[in-house]
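Q: Just dropping this structure here.
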Number of protein chains: 2
Amino acid sequence: MKGTNLGELEELVMLSVGILYNDAYGLTIQKEIKNRCKRAITISTVHSVTSRLEEKGYLRARYDGATPERGGRRKRLFTLTTSGKAAIAKMREIREDMWNAIPKVALSNG
Amino acid sequence: MKGTNLGELEELVMLSVGILYNDAYGLTIQKEIKNRCKRAITISTVHSVTSRLEEKGYLRARYDGATPERGGRRKRLFTLTTSGKAAIAKMREIREDMWNAIPKVALSNG
DNA sequence: TCCGTTTTCGACAAAATCGAAAGAAATAAA
DNA sequence: TTTATTTCTTTCGATTTTGTCGAAAACGGA
C-alpha cells in the first residue's frame, strides 16, 4: 500500500474543489484548472482523477438534488473530506517550510 | 510532448536541492526529504528523479572536485537551473493563489 | 585486494492523460 | 405524445510520465 500521497494534478483538483465549494463537478473543475494553471486537461482526465481521490477518501460525491434550469443530466458534486483537507494542508505546510529553508543565494540569478 | 510539468516528488527534490545549495547529491537529498516530509524513499528513487529533472533542464549536475576524506565514489552535485527556479516558483505562486481563493467555509470542520 | 560510498541499470506500479461511445435527465420541437 | 436536443456523467481501453525498487557496477582510498 504505497500510494497514500497526492499526485500533482490530484492536488490541483482538490484545491479546485475547495475553491468551487458547492459547485464543484467535472466541468467546473476542468475550467478552474484551465484558468488558474493555463493548463488544458480533458473532462476524462478530471473524472479519472476524482475517482481516484474518492477511493483514497479525500473527496466525497453527492448528486445535485436541485432542479436544473434548462436540461442536462444531474451533476455529481464533490466536497473535500476531513482527511482530504488535512492532506492538502499538510502538503502546503511542508512546501512552505522548505521554501523558507532555501538560502537566498540558491535562488539568485546567475 | 506533454510532460513539461513537475511531478509531486520531482518538486520536492527540486526544493531539496535548493535547500542543500552546494551540497546536494543523492544521499543528502534523500535525507532532506526523509526529515522534512517523513517519507522514506530509496536512493535509487532519488537518482531516477534527478536524472529526469536533468533531462527536463531543471537541474544541472557536476562532479565534486574535492578529494573525499575517507573513500567513496565522487559525488554528483546538483544545482537548480534558471528554468528550474522559475518552474518551482510558478507552481508555488499558483498554489498560493488557489489557497487564497478557497472560501473559509469550505475548510471548516463538519 | 577489500571496503564503504555513490551512481547506473533494468523493471514494474501508480498517476496522468486522452478519445470515443454510451447512459441520464430535463426541456424543446414536431 | 413522441422525438430531438442539450448538458452532464460514466465507462473503457490505451498510452505516456512519474514514482519506486533491488541489484549490479564503478570508484577511490586503505
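Lettering and numbering for the C-alpha cells are positional, with chains as A, B, ... in the shown order, residues counted from 1 in each chain, and ligands counted from 1 in the shown order.
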As an mmCIF file with C-alpha atoms, in the first residue's frame, which residues of chain A does DSSP assign to strand (DSSP E or B)?
A:
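Written file, out19.cif:
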data_model
loop_
_atom_site.group_PDB
_atom_site.id
_atom_site.type_symbol
_atom_site.label_atom_id
_atom_site.label_comp_id
_atom_site.auth_asym_id
_atom_site.auth_seq_id
_atom_site.Cartn_x
_atom_site.Cartn_y
_atom_site.Cartn_z
ATOM 1 C CA LEU A 59 -13.236 13.548 -1.868
ATOM 2 C CA ARG A 60 -16.894 12.774 -1.280
ATOM 3 C CA ALA A 61 -19.515 12.928 -4.026
ATOM 4 C CA ARG A 62 -23.232 13.509 -3.985
ATOM 5 C CA TYR A 63 -25.806 14.110 -6.673
ATOM 6 C CA ARG A 76 -22.096 14.952 -9.365
ATOM 7 C CA LEU A 77 -20.912 17.463 -6.837
ATOM 8 C CA PHE A 78 -17.725 16.986 -4.875
ATOM 9 C CA THR A 79 -16.643 18.182 -1.491
ATOM 10 C CA LEU A 80 -13.441 17.754 0.456
#
Q: Run DSSP on the backbone and grab whatever in chain A lands in helix (DSSP H, G or I); send it over as an NGL selection string.
A: :A and (8-23 or 26-37 or 43-55 or 82-101 or 104-106)
Q: For chain C against chain A, with a cut-off of 7 Å and counting only C-alpha atoms (C1' of nucleotides), what is the closest atom pair and its distance in Å to one decimal for every residue that makes the cut, ordered by chain and number, as JSON lines?
A:
{"residue": "C:DA15", "atom": "C1'", "partner": "A:Gly7", "partner_atom": "CA", "distance": 6.7}
{"residue": "C:DT17", "atom": "C1'", "partner": "A:Thr45", "partner_atom": "CA", "distance": 6.0}
{"residue": "C:DA24", "atom": "C1'", "partner": "A:Arg73", "partner_atom": "CA", "distance": 5.7}
{"residue": "C:DA25", "atom": "C1'", "partner": "A:Arg73", "partner_atom": "CA", "distance": 4.8}
{"residue": "C:DA26", "atom": "C1'", "partner": "A:Gly71", "partner_atom": "CA", "distance": 4.1}
{"residue": "C:DT27", "atom": "C1'", "partner": "A:Gly71", "partner_atom": "CA", "distance": 5.5}
Q: Could you write out chain B as a compact mmCIF listing (two decimals) with N, CA and C atoms, in the first residue's frame once it has been least-squares superposed on chain A using every ordered C-alpha pair?
A:
# COMPACT_ATOMS: atom_id res chain seq x y z
N MET B 1 0.86 -1.24 -0.21
CA MET B 1 -0.02 -0.07 -0.30
C MET B 1 0.78 1.22 -0.11
N LYS B 2 1.38 1.67 -1.17
CA LYS B 2 2.27 2.82 -1.07
C LYS B 2 1.55 4.15 -1.28
N GLY B 3 0.94 4.27 -2.43
CA GLY B 3 0.40 5.56 -2.86
C GLY B 3 -0.69 6.16 -1.99
N THR B 4 -0.30 6.62 -0.82
CA THR B 4 -1.28 7.25 0.04
C THR B 4 -1.18 8.76 -0.10
N ASN B 5 -0.25 9.18 -0.96
CA ASN B 5 -0.02 10.60 -1.18
C ASN B 5 -0.83 11.15 -2.33
N LEU B 6 -0.72 12.42 -2.49
CA LEU B 6 -1.42 13.09 -3.58
C LEU B 6 -0.48 13.41 -4.71
N GLY B 7 -0.93 13.15 -5.92
CA GLY B 7 -0.14 13.51 -7.08
C GLY B 7 -0.31 15.00 -7.35
N GLU B 8 0.46 15.48 -8.30
CA GLU B 8 0.45 16.91 -8.60
C GLU B 8 -0.92 17.38 -9.09
N LEU B 9 -1.48 16.67 -10.04
CA LEU B 9 -2.79 17.06 -10.55
C LEU B 9 -3.89 16.82 -9.52
N GLU B 10 -3.73 15.75 -8.79
CA GLU B 10 -4.72 15.45 -7.75
C GLU B 10 -4.81 16.62 -6.78
N GLU B 11 -3.68 17.17 -6.45
CA GLU B 11 -3.68 18.30 -5.52
C GLU B 11 -4.40 19.50 -6.11
N LEU B 12 -4.17 19.76 -7.36
CA LEU B 12 -4.83 20.89 -8.00
C LEU B 12 -6.34 20.70 -8.03
N VAL B 13 -6.75 19.46 -8.24
CA VAL B 13 -8.19 19.19 -8.25
C VAL B 13 -8.76 19.41 -6.85
N MET B 14 -8.05 18.98 -5.86
CA MET B 14 -8.50 19.19 -4.47
C MET B 14 -8.67 20.68 -4.18
N LEU B 15 -7.68 21.45 -4.57
CA LEU B 15 -7.74 22.89 -4.32
C LEU B 15 -8.93 23.50 -5.07
N SER B 16 -9.15 23.03 -6.29
CA SER B 16 -10.27 23.54 -7.07
C SER B 16 -11.60 23.22 -6.39
N VAL B 17 -11.71 22.03 -5.88
CA VAL B 17 -12.94 21.66 -5.19
C VAL B 17 -13.16 22.58 -3.99
N GLY B 18 -12.07 22.90 -3.31
CA GLY B 18 -12.19 23.82 -2.18
C GLY B 18 -12.66 25.18 -2.63
N ILE B 19 -12.09 25.66 -3.68
CA ILE B 19 -12.45 26.99 -4.20
C ILE B 19 -13.90 27.03 -4.65
N LEU B 20 -14.32 25.99 -5.35
CA LEU B 20 -15.68 25.97 -5.90
C LEU B 20 -16.74 25.68 -4.85
N TYR B 21 -16.27 25.25 -3.72
CA TYR B 21 -17.14 24.96 -2.59
C TYR B 21 -18.39 24.15 -2.92
N ASN B 22 -19.54 24.77 -3.09
CA ASN B 22 -20.75 23.99 -3.32
C ASN B 22 -21.15 23.89 -4.80
N ASP B 23 -20.19 24.10 -5.64
CA ASP B 23 -20.48 23.97 -7.07
C ASP B 23 -19.32 23.28 -7.79
N ALA B 24 -18.72 22.31 -7.12
CA ALA B 24 -17.59 21.61 -7.72
C ALA B 24 -18.02 20.34 -8.41
N TYR B 25 -17.94 20.32 -9.72
CA TYR B 25 -18.20 19.10 -10.48
C TYR B 25 -17.32 19.16 -11.72
N GLY B 26 -17.35 18.09 -12.50
CA GLY B 26 -16.49 17.98 -13.66
C GLY B 26 -16.15 19.26 -14.41
N LEU B 27 -17.17 19.87 -14.96
CA LEU B 27 -16.97 21.06 -15.79
C LEU B 27 -16.32 22.22 -15.05
N THR B 28 -16.83 22.54 -13.89
CA THR B 28 -16.30 23.70 -13.17
C THR B 28 -14.86 23.45 -12.70
N ILE B 29 -14.58 22.23 -12.34
CA ILE B 29 -13.21 21.90 -11.92
C ILE B 29 -12.27 22.08 -13.11
N GLN B 30 -12.72 21.58 -14.24
CA GLN B 30 -11.90 21.70 -15.44
C GLN B 30 -11.59 23.16 -15.74
N LYS B 31 -12.61 24.00 -15.66
CA LYS B 31 -12.42 25.42 -15.95
C LYS B 31 -11.52 26.10 -14.94
N GLU B 32 -11.72 25.75 -13.70
CA GLU B 32 -10.92 26.35 -12.63
C GLU B 32 -9.43 26.10 -12.89
N ILE B 33 -9.12 24.87 -13.24
CA ILE B 33 -7.73 24.53 -13.50
C ILE B 33 -7.22 25.22 -14.75
N LYS B 34 -8.06 25.30 -15.74
CA LYS B 34 -7.65 25.96 -16.97
C LYS B 34 -7.33 27.43 -16.70
N ASN B 35 -8.21 28.10 -16.00
CA ASN B 35 -8.01 29.52 -15.73
C ASN B 35 -6.82 29.80 -14.82
N ARG B 36 -6.73 29.04 -13.78
CA ARG B 36 -5.67 29.32 -12.81
C ARG B 36 -4.30 28.79 -13.20
N CYS B 37 -4.28 27.68 -13.89
CA CYS B 37 -2.99 27.07 -14.22
C CYS B 37 -2.64 27.17 -15.69
N LYS B 38 -3.52 27.75 -16.48
CA LYS B 38 -3.26 27.84 -17.91
C LYS B 38 -2.94 26.45 -18.45
N ARG B 39 -3.75 25.54 -18.05
CA ARG B 39 -3.47 24.16 -18.40
C ARG B 39 -4.75 23.49 -18.87
N ALA B 40 -4.71 22.98 -20.08
CA ALA B 40 -5.90 22.37 -20.65
C ALA B 40 -5.95 20.87 -20.41
N ILE B 41 -6.91 20.45 -19.63
CA ILE B 41 -7.10 19.02 -19.43
C ILE B 41 -8.53 18.71 -19.86
N THR B 42 -8.74 17.50 -20.30
CA THR B 42 -10.08 17.14 -20.75
C THR B 42 -10.96 16.81 -19.55
N ILE B 43 -12.23 16.76 -19.85
CA ILE B 43 -13.18 16.43 -18.80
C ILE B 43 -12.98 14.99 -18.33
N SER B 44 -12.53 14.15 -19.22
CA SER B 44 -12.25 12.75 -18.85
C SER B 44 -11.18 12.70 -17.79
N THR B 45 -10.18 13.51 -17.99
CA THR B 45 -9.09 13.55 -17.03
C THR B 45 -9.60 13.94 -15.65
N VAL B 46 -10.42 14.97 -15.63
CA VAL B 46 -10.96 15.41 -14.35
C VAL B 46 -11.73 14.28 -13.67
N HIS B 47 -12.55 13.60 -14.44
CA HIS B 47 -13.33 12.53 -13.84
C HIS B 47 -12.48 11.39 -13.32
N SER B 48 -11.44 11.03 -14.05
CA SER B 48 -10.65 9.91 -13.54
C SER B 48 -9.90 10.32 -12.28
N VAL B 49 -9.51 11.57 -12.21
CA VAL B 49 -8.83 12.02 -11.00
C VAL B 49 -9.78 12.07 -9.81
N THR B 50 -10.96 12.61 -10.03
CA THR B 50 -11.91 12.67 -8.91
C THR B 50 -12.27 11.26 -8.41
N SER B 51 -12.38 10.32 -9.32
CA SER B 51 -12.69 8.96 -8.89
C SER B 51 -11.61 8.43 -7.96
N ARG B 52 -10.37 8.65 -8.37
CA ARG B 52 -9.28 8.17 -7.54
C ARG B 52 -9.27 8.87 -6.19
N LEU B 53 -9.58 10.12 -6.19
CA LEU B 53 -9.59 10.85 -4.92
C LEU B 53 -10.71 10.36 -4.01
N GLU B 54 -11.79 9.94 -4.61
CA GLU B 54 -12.88 9.38 -3.81
C GLU B 54 -12.42 8.08 -3.16
N GLU B 55 -11.77 7.26 -3.97
CA GLU B 55 -11.28 5.99 -3.45
C GLU B 55 -10.29 6.20 -2.30
N LYS B 56 -9.53 7.24 -2.39
CA LYS B 56 -8.56 7.53 -1.34
C LYS B 56 -9.21 8.16 -0.11
N GLY B 57 -10.48 8.49 -0.28
CA GLY B 57 -11.18 9.08 0.86
C GLY B 57 -10.94 10.56 1.04
N TYR B 58 -10.45 11.21 0.02
CA TYR B 58 -10.15 12.64 0.12
C TYR B 58 -11.28 13.51 -0.42
N LEU B 59 -12.15 12.88 -1.18
CA LEU B 59 -13.26 13.61 -1.78
C LEU B 59 -14.53 12.80 -1.56
N ARG B 60 -15.63 13.50 -1.33
CA ARG B 60 -16.92 12.83 -1.18
C ARG B 60 -17.82 13.40 -2.27
N ALA B 61 -18.67 12.54 -2.85
CA ALA B 61 -19.54 13.01 -3.92
C ALA B 61 -21.01 12.81 -3.58
N ARG B 62 -21.83 13.70 -4.10
CA ARG B 62 -23.28 13.55 -3.94
C ARG B 62 -23.90 14.07 -5.23
N TYR B 63 -25.13 13.61 -5.50
CA TYR B 63 -25.77 14.09 -6.71
C TYR B 63 -26.52 15.38 -6.43
N ASP B 64 -26.49 16.22 -7.39
CA ASP B 64 -27.20 17.49 -7.31
C ASP B 64 -28.70 17.18 -7.25
N GLY B 65 -29.37 17.63 -6.20
CA GLY B 65 -30.78 17.37 -6.08
C GLY B 65 -31.64 18.38 -6.80
N ALA B 66 -31.10 19.52 -7.07
CA ALA B 66 -31.86 20.59 -7.71
C ALA B 66 -32.23 20.25 -9.14
N THR B 67 -33.33 20.81 -9.60
CA THR B 67 -33.77 20.59 -10.97
C THR B 67 -32.93 21.42 -11.94
N PRO B 68 -32.37 20.78 -12.93
CA PRO B 68 -31.56 21.51 -13.90
C PRO B 68 -32.48 22.35 -14.78
N GLU B 69 -32.13 23.57 -15.01
CA GLU B 69 -32.96 24.48 -15.81
C GLU B 69 -33.15 24.04 -17.25
N ARG B 70 -32.08 23.73 -17.91
CA ARG B 70 -32.20 23.48 -19.35
C ARG B 70 -31.57 22.18 -19.80
N GLY B 71 -32.09 21.10 -19.27
CA GLY B 71 -31.61 19.80 -19.71
C GLY B 71 -30.23 19.43 -19.22
N GLY B 72 -29.86 18.22 -19.44
CA GLY B 72 -28.54 17.78 -19.00
C GLY B 72 -28.65 16.81 -17.86
N ARG B 73 -27.67 16.00 -17.76
CA ARG B 73 -27.65 14.98 -16.72
C ARG B 73 -27.40 15.59 -15.35
N ARG B 74 -27.76 14.86 -14.31
CA ARG B 74 -27.51 15.37 -12.95
C ARG B 74 -26.02 15.52 -12.71
N LYS B 75 -25.69 16.55 -11.97
CA LYS B 75 -24.29 16.78 -11.67
C LYS B 75 -23.88 15.97 -10.45
N ARG B 76 -22.62 15.65 -10.43
CA ARG B 76 -22.07 14.96 -9.27
C ARG B 76 -21.21 16.00 -8.58
N LEU B 77 -21.65 16.47 -7.44
CA LEU B 77 -20.92 17.52 -6.72
C LEU B 77 -19.94 16.94 -5.71
N PHE B 78 -18.80 17.55 -5.65
CA PHE B 78 -17.76 17.07 -4.74
C PHE B 78 -17.47 18.03 -3.60
N THR B 79 -17.12 17.43 -2.47
CA THR B 79 -16.65 18.25 -1.34
C THR B 79 -15.43 17.56 -0.75
N LEU B 80 -14.62 18.33 -0.05
CA LEU B 80 -13.42 17.79 0.58
C LEU B 80 -13.80 17.07 1.86
N THR B 81 -13.20 15.93 2.10
CA THR B 81 -13.44 15.24 3.36
C THR B 81 -12.46 15.80 4.38
N THR B 82 -12.65 15.41 5.62
CA THR B 82 -11.75 15.88 6.66
C THR B 82 -10.32 15.46 6.37
N SER B 83 -10.13 14.21 5.99
CA SER B 83 -8.76 13.78 5.73
C SER B 83 -8.23 14.44 4.46
N GLY B 84 -9.13 14.77 3.56
CA GLY B 84 -8.70 15.48 2.35
C GLY B 84 -8.16 16.85 2.69
N LYS B 85 -8.87 17.56 3.55
CA LYS B 85 -8.40 18.89 3.96
C LYS B 85 -7.05 18.77 4.64
N ALA B 86 -6.94 17.77 5.50
CA ALA B 86 -5.69 17.59 6.22
C ALA B 86 -4.54 17.30 5.25
N ALA B 87 -4.83 16.48 4.25
CA ALA B 87 -3.79 16.11 3.30
C ALA B 87 -3.23 17.31 2.54
N ILE B 88 -4.11 18.15 2.03
CA ILE B 88 -3.59 19.30 1.28
C ILE B 88 -2.93 20.32 2.20
N ALA B 89 -3.45 20.44 3.42
CA ALA B 89 -2.85 21.39 4.35
C ALA B 89 -1.43 20.95 4.70
N LYS B 90 -1.26 19.67 4.85
CA LYS B 90 0.06 19.16 5.21
C LYS B 90 1.06 19.38 4.09
N MET B 91 0.62 19.12 2.88
CA MET B 91 1.52 19.32 1.75
C MET B 91 1.93 20.79 1.66
N ARG B 92 0.98 21.64 1.89
CA ARG B 92 1.29 23.06 1.83
C ARG B 92 2.31 23.45 2.89
N GLU B 93 2.11 22.95 4.07
CA GLU B 93 3.02 23.28 5.16
C GLU B 93 4.45 22.80 4.87
N ILE B 94 4.55 21.57 4.43
CA ILE B 94 5.87 21.03 4.12
C ILE B 94 6.56 21.87 3.07
N ARG B 95 5.85 22.21 2.01
CA ARG B 95 6.48 22.99 0.95
C ARG B 95 6.88 24.37 1.42
N GLU B 96 6.04 24.98 2.23
CA GLU B 96 6.40 26.31 2.72
C GLU B 96 7.67 26.25 3.56
N ASP B 97 7.72 25.24 4.42
CA ASP B 97 8.91 25.09 5.24
C ASP B 97 10.15 24.91 4.36
N MET B 98 9.98 24.14 3.32
CA MET B 98 11.12 23.90 2.43
C MET B 98 11.52 25.19 1.73
N TRP B 99 10.57 25.93 1.27
CA TRP B 99 10.89 27.19 0.61
C TRP B 99 11.67 28.10 1.56
N ASN B 100 11.22 28.15 2.79
CA ASN B 100 11.90 29.00 3.75
C ASN B 100 13.31 28.53 4.07
N ALA B 101 13.56 27.28 3.78
CA ALA B 101 14.89 26.74 4.09
C ALA B 101 15.88 26.92 2.94
N ILE B 102 15.39 27.39 1.82
CA ILE B 102 16.30 27.59 0.68
C ILE B 102 17.08 28.88 0.86
N PRO B 103 18.41 28.80 0.85
CA PRO B 103 19.21 30.02 1.00
C PRO B 103 19.02 30.94 -0.21
N LYS B 104 19.01 32.21 0.03
CA LYS B 104 18.79 33.20 -1.03
C LYS B 104 19.71 32.96 -2.23
N VAL B 105 20.96 32.70 -1.91
CA VAL B 105 21.95 32.53 -2.96
C VAL B 105 21.59 31.41 -3.96
N ALA B 106 20.85 30.45 -3.49
CA ALA B 106 20.47 29.35 -4.37
C ALA B 106 19.41 29.76 -5.39
N LEU B 107 18.79 30.89 -5.15
CA LEU B 107 17.74 31.33 -6.06
C LEU B 107 18.13 32.53 -6.92
N SER B 108 19.25 33.12 -6.60
CA SER B 108 19.68 34.30 -7.37
C SER B 108 20.01 33.89 -8.80
N ASN B 109 19.91 34.82 -9.70
CA ASN B 109 20.18 34.49 -11.10
C ASN B 109 21.67 34.44 -11.39
N GLY B 110 22.04 33.51 -12.24
CA GLY B 110 23.45 33.37 -12.61
C GLY B 110 23.85 31.95 -12.73
Q: Residues of chain D within 12 Å of chain B: nearest atom pair and distance (Å, one decimal) for each, counting only C-alpha atoms (C1' of nucleotides), sorted by chain and number, as a Markdown table?
A:
| residue | atom | partner | partner_atom | distance |
| --- | --- | --- | --- | --- |
| D:DT16 | C1' | B:Gly3 | CA | 8.6 |
| D:DT17 | C1' | B:Gly3 | CA | 6.6 |
| D:DT18 | C1' | B:Gly7 | CA | 6.5 |
| D:DG19 | C1' | B:Thr45 | CA | 7.5 |
| D:DT20 | C1' | B:Thr45 | CA | 5.8 |
| D:DC21 | C1' | B:Ser44 | CA | 7.1 |
| D:DG22 | C1' | B:Ser44 | CA | 8.8 |
| D:DA23 | C1' | B:Ser44 | CA | 10.6 |
| D:DA25 | C1' | B:Arg73 | CA | 11.9 |
| D:DA26 | C1' | B:Arg73 | CA | 7.8 |
| D:DC27 | C1' | B:Arg73 | CA | 4.4 |
| D:DG28 | C1' | B:Gly71 | CA | 5.4 |
| D:DG29 | C1' | B:Gly71 | CA | 4.5 |
| D:DA30 | C1' | B:Gly71 | CA | 8.3 |
Q: Kindly export the residues of the current selection with N, CA and C atoms (P, O5', C5', C4', C3', O3' and C1' of nucleotides), as a compact mmCIF listing (two decimals), in the first residue's frame.
A:
# COMPACT_ATOMS: atom_id res chain seq x y z
P DT D 16 2.98 5.60 -25.96
O5' DT D 16 3.31 6.76 -24.91
C5' DT D 16 2.77 8.05 -25.15
C4' DT D 16 2.90 8.90 -23.91
C3' DT D 16 4.35 9.06 -23.42
O3' DT D 16 4.52 10.43 -23.08
C1' DT D 16 2.99 8.24 -21.67
P DT D 17 5.99 11.02 -22.77
O5' DT D 17 5.88 11.53 -21.27
C5' DT D 17 4.89 10.97 -20.48
C4' DT D 17 4.77 11.62 -19.14
C3' DT D 17 6.07 11.97 -18.40
O3' DT D 17 5.76 13.03 -17.49
C1' DT D 17 5.05 10.08 -17.39
P DT D 18 6.84 13.64 -16.50
O5' DT D 18 6.25 13.28 -15.05
C5' DT D 18 6.03 11.97 -14.79
C4' DT D 18 5.53 11.73 -13.39
C3' DT D 18 6.57 11.91 -12.28
O3' DT D 18 5.88 12.15 -11.06
C1' DT D 18 6.15 9.63 -12.65
P DG D 19 6.67 12.25 -9.64
O5' DG D 19 6.68 10.73 -9.15
C5' DG D 19 5.45 10.12 -8.82
C4' DG D 19 5.69 8.76 -8.15
C3' DG D 19 6.76 8.75 -7.05
O3' DG D 19 6.26 7.92 -6.00
C1' DG D 19 7.28 7.15 -8.69
P DT D 20 7.08 7.81 -4.58
O5' DT D 20 7.88 6.48 -4.77
C5' DT D 20 7.17 5.31 -5.16
C4' DT D 20 8.10 4.12 -5.33
C3' DT D 20 9.43 4.24 -4.59
O3' DT D 20 9.45 3.42 -3.46
C1' DT D 20 9.67 3.32 -6.78
P DC D 21 10.74 3.41 -2.45
O5' DC D 21 11.47 2.03 -2.69
C5' DC D 21 11.82 1.65 -3.95
C4' DC D 21 11.69 0.14 -4.15
C3' DC D 21 12.93 -0.59 -3.68
O3' DC D 21 12.65 -1.84 -3.08
C1' DC D 21 12.84 -0.53 -6.08
P DG D 22 13.69 -2.45 -2.06
O5' DG D 22 14.54 -3.42 -3.01
C5' DG D 22 13.85 -4.37 -3.83
C4' DG D 22 14.83 -5.09 -4.71
C3' DG D 22 16.10 -5.54 -4.01
O3' DG D 22 16.46 -6.82 -4.54
C1' DG D 22 16.66 -4.05 -5.77
P DA D 23 17.76 -7.61 -4.05
O5' DA D 23 18.77 -7.41 -5.27
C5' DA D 23 18.27 -7.55 -6.60
C4' DA D 23 19.36 -7.19 -7.60
C3' DA D 23 20.76 -7.65 -7.15
O3' DA D 23 21.46 -8.10 -8.29
C1' DA D 23 20.76 -5.33 -7.55
P DA D 25 27.33 -6.51 -12.78
O5' DA D 25 27.95 -5.05 -12.83
C5' DA D 25 27.30 -4.06 -13.63
C4' DA D 25 27.90 -2.71 -13.34
C3' DA D 25 29.43 -2.68 -13.40
O3' DA D 25 29.80 -1.55 -14.17
C1' DA D 25 28.66 -1.74 -11.37
P DA D 26 31.31 -1.25 -14.48
O5' DA D 26 31.59 0.00 -13.53
C5' DA D 26 30.82 1.18 -13.72
C4' DA D 26 31.30 2.24 -12.76
C3' DA D 26 32.82 2.42 -12.76
O3' DA D 26 33.08 3.81 -12.61
C1' DA D 26 32.09 1.90 -10.59
P DC D 27 34.29 4.46 -13.42
O5' DC D 27 35.20 5.03 -12.26
C5' DC D 27 35.17 4.36 -11.02
C4' DC D 27 34.85 5.32 -9.89
C3' DC D 27 36.12 5.91 -9.33
O3' DC D 27 35.86 7.23 -8.93
C1' DC D 27 35.05 4.49 -7.70
P DG D 28 37.12 8.30 -9.05
O5' DG D 28 37.77 8.15 -7.62
C5' DG D 28 36.89 8.00 -6.53
C4' DG D 28 37.60 7.78 -5.25
C3' DG D 28 39.12 7.97 -5.27
O3' DG D 28 39.47 8.55 -4.03
C1' DG D 28 38.62 5.76 -4.61
P DG D 29 40.89 9.10 -3.78
O5' DG D 29 41.61 7.85 -3.12
C5' DG D 29 42.32 8.04 -1.93
C4' DG D 29 41.53 7.49 -0.75
C3' DG D 29 42.47 6.90 0.31
O3' DG D 29 42.03 7.13 1.61
C1' DG D 29 41.07 5.19 -0.60
P DA D 30 43.14 6.92 2.72
O5' DA D 30 43.02 5.37 3.07
C5' DA D 30 41.85 4.89 3.70
C4' DA D 30 42.05 3.44 4.15
C3' DA D 30 43.41 3.20 4.81
O3' DA D 30 43.28 2.17 5.79
C1' DA D 30 43.27 1.92 2.87
Q: What is the distance, in Å and to one decimal place, between atom C1' of D:DC12 and atom C1' of C:DC12?
A: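 Distance between the two atoms: 23.0 Å.
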Q: Can you pull out the residues contacting D:DG13? Cut-off 12 Å, using only C-alpha atoms (C1' of nucleotides), and skip same-chain residues under 4 positions away; I want them as a PyMOL selection string.
A: chain C and resi 18-21
Q: Which residues, written as a ChimeraX atom specification, have at least one atom at most 12 Å from D:DT2, with only C-alpha atoms (C1' of nucleotides) counted and residues fewer than 2 positions away on the same chain left out?
A: /C:29-30 /D:4
Q: Save the residues we just selected, C-alpha atoms (C1' of nucleotides), as a short mmCIF file (atom, residue, chain, number, x, y, z; two decimals), in the first residue's frame?
A:
data_model
loop_
_atom_site.label_atom_id
_atom_site.label_comp_id
_atom_site.auth_asym_id
_atom_site.auth_seq_id
_atom_site.Cartn_x
_atom_site.Cartn_y
_atom_site.Cartn_z
"C1'" DA C 29 -39.66 20.84 -31.02
"C1'" DA C 30 -42.86 18.19 -34.05
"C1'" DA D 4 -34.79 15.53 -30.73
#
